[in-house]
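Data block below; observations after.
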Amino acid sequence: MRSTKDFRFKCTRCGNCCTDKNTIVNVTYSDILRIKKGLNLLLNETIEILGFYTYNKEPAAEDRKKMVISPIRTEKGLAFVGLLKEDSGACNFYDEINVKCKIYNLRPNFCRTFPFTFKIFFNKADRSKAKIKMGYAEKGDQYCPGISADMPLINEEQWIQLGKKTIEDLNDNNIFIEKWNDAVRIGQITPTVRNLLLTIFNLDKK
Ligand code: SF4
Ligand code: SF4
């Protein structure tokens, strides 16, 4: 994460972040619920908008602990859950003709926070006094033309608030994944996509 004091950014709607082949559009369970409800999707229709991106070789447990989003155990092995992509690499919800997101108001937090990344630093003496630090995401530096010295300064406070919300959402999601992975490990759950979504839908009823 490259950090600076003066963050400058304005989206040029180039579409790079929505069409990059090597970018997974990660979703948390709350993103899935928001999109499902917003589009009024049934179970099978929700399955159809998701992609499960598995590893060729599973990472070691130690490396998994350092990941911002924990991979989830599926029938095909550990995977990241993201929005489905076209063969071209474009997100399934990207409207290439009108160069815009088809689900802008429902889009995942991952999309909302791009091209920034956020980290939380806890005060050792008092954990309630945590500080959020932001920086340009690596991929933002790589291909986002909206990051430029010619662009306006951002409203940092607004972005920090978004980052805080996103970190809370990621933490909730990682707790959910940890519980799911444990339940799979002890044979309590069969890790099908259908079961995963039913479990997520049930969270909404609590
Ligand atoms: S890469 Fe940057 S400028 Fe291009 S659409 Fe994404 S956020 Fe906007
Ligand atoms: S959900 Fe929308 S903003 Fe996010 S990658 Fe897909 S098209 Fe882009």
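Residue numbers start at 1 in each chain; chains themselves are named A, B, ... in the order of the structure tokens; ligands are numbered from 1 in the order shown.
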Expected selection as a VMD selection string for ligand 2 within 10 Å, only C-alpha atoms and all ligand atoms: chain A and resid 13 15 to 20 23 to 27 35 82 to 85 90 to 96 99 to 112 114
Those of region 95-191 of chain A in DSSP alpha helix (DSSP H), formatted as a ChimeraX atom specification: /A:109-113,138-143,156-185
All residues 7 Å or closer to region 52-63 of chain A, only C-alpha atoms, same chain fewer than 5 positions away omitted, as a list of chain:residue names: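 Residues meeting the cut-off are A:Gly77, A:Leu78, A:Ala79, A:Phe80, A:Val81, A:Gly82.
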Those same residues - N, CA, C and O atoms - I'd like them written as a PDB file, in the first residue's frame.
ATOM      1  N   GLY A  77     -12.263 -27.185  -3.342  1.00  0.00           N
ATOM      2  CA  GLY A  77     -11.077 -26.725  -2.615  1.00  0.00           C
ATOM      3  C   GLY A  77     -11.277 -25.313  -2.107  1.00  0.00           C
ATOM      4  O   GLY A  77     -12.366 -24.746  -2.212  1.00  0.00           O
ATOM      5  N   LEU A  78     -10.193 -24.745  -1.563  1.00  0.00           N
ATOM      6  CA  LEU A  78     -10.293 -23.378  -1.029  1.00  0.00           C
ATOM      7  C   LEU A  78     -10.516 -22.401  -2.166  1.00  0.00           C
ATOM      8  O   LEU A  78      -9.888 -22.522  -3.223  1.00  0.00           O
ATOM      9  N   ALA A  79     -11.380 -21.435  -1.927  1.00  0.00           N
ATOM     10  CA  ALA A  79     -11.700 -20.500  -3.022  1.00  0.00           C
ATOM     11  C   ALA A  79     -11.982 -19.108  -2.482  1.00  0.00           C
ATOM     12  O   ALA A  79     -12.343 -18.932  -1.319  1.00  0.00           O
ATOM     13  N   PHE A  80     -11.806 -18.131  -3.356  1.00  0.00           N
ATOM     14  CA  PHE A  80     -12.300 -16.786  -3.080  1.00  0.00           C
ATOM     15  C   PHE A  80     -13.643 -16.663  -3.778  1.00  0.00           C
ATOM     16  O   PHE A  80     -13.807 -17.147  -4.896  1.00  0.00           O
ATOM     17  N   VAL A  81     -14.577 -16.005  -3.116  1.00  0.00           N
ATOM     18  CA  VAL A  81     -15.885 -15.815  -3.737  1.00  0.00           C
ATOM     19  C   VAL A  81     -15.917 -14.411  -4.334  1.00  0.00           C
ATOM     20  O   VAL A  81     -15.589 -13.431  -3.665  1.00  0.00           O
ATOM     21  N   GLY A  82     -16.283 -14.348  -5.600  1.00  0.00           N
ATOM     22  CA  GLY A  82     -16.353 -13.045  -6.263  1.00  0.00           C
ATOM     23  C   GLY A  82     -17.512 -13.018  -7.227  1.00  0.00           C
ATOM     24  O   GLY A  82     -18.222 -14.012  -7.405  1.00  0.00           O
TER      25      GLY A  82
END
Neighbour list for region 153-163 of chain A as a PyMOL selection string, cut-off 12 Å, only C-alpha atoms, skip fewer than 3 positions in-chain: chain A and resi 4-11+109-120+131-136+146-150+166-170
Picked from region 83-188 of chain A by DSSP as strand (DSSP E), as a count of residues only: 17
Selection: 12 Å around Leu41 (chain A), only C-alpha atoms, excl. self and same-chain fewer than 6 positions, as a short mmCIF file (atom, residue, chain, number, x, y, z; two decimals) with N, CA and C atoms, in the first residue's frame:
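Saved the output as selection35.cif:
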data_model
loop_
_atom_site.label_atom_id
_atom_site.label_comp_id
_atom_site.auth_asym_id
_atom_site.auth_seq_id
_atom_site.Cartn_x
_atom_site.Cartn_y
_atom_site.Cartn_z
N ILE A 32 -23.31 -10.09 -0.92
CA ILE A 32 -24.19 -11.06 -1.61
C ILE A 32 -25.65 -10.79 -1.23
N LEU A 33 -25.88 -10.57 0.06
CA LEU A 33 -27.26 -10.33 0.51
C LEU A 33 -27.83 -9.04 -0.09
N ARG A 34 -26.98 -8.00 -0.14
CA ARG A 34 -27.45 -6.71 -0.69
C ARG A 34 -27.82 -6.86 -2.17
N ILE A 35 -26.97 -7.57 -2.94
CA ILE A 35 -27.24 -7.72 -4.37
C ILE A 35 -28.46 -8.63 -4.58
N ILE A 47 -26.69 -17.94 -7.31
CA ILE A 47 -25.54 -18.80 -7.63
C ILE A 47 -24.94 -18.38 -8.97
N GLU A 48 -25.82 -18.03 -9.90
CA GLU A 48 -25.36 -17.70 -11.26
C GLU A 48 -24.54 -16.41 -11.36
N ILE A 49 -24.65 -15.53 -10.38
CA ILE A 49 -23.87 -14.28 -10.49
C ILE A 49 -22.50 -14.40 -9.81
N LEU A 197 -24.94 -20.65 0.18
CA LEU A 197 -25.89 -19.55 0.01
C LEU A 197 -27.07 -19.67 0.97
N PHE A 201 -28.18 -16.80 3.42
CA PHE A 201 -29.55 -16.27 3.43
C PHE A 201 -30.13 -16.34 4.85
#
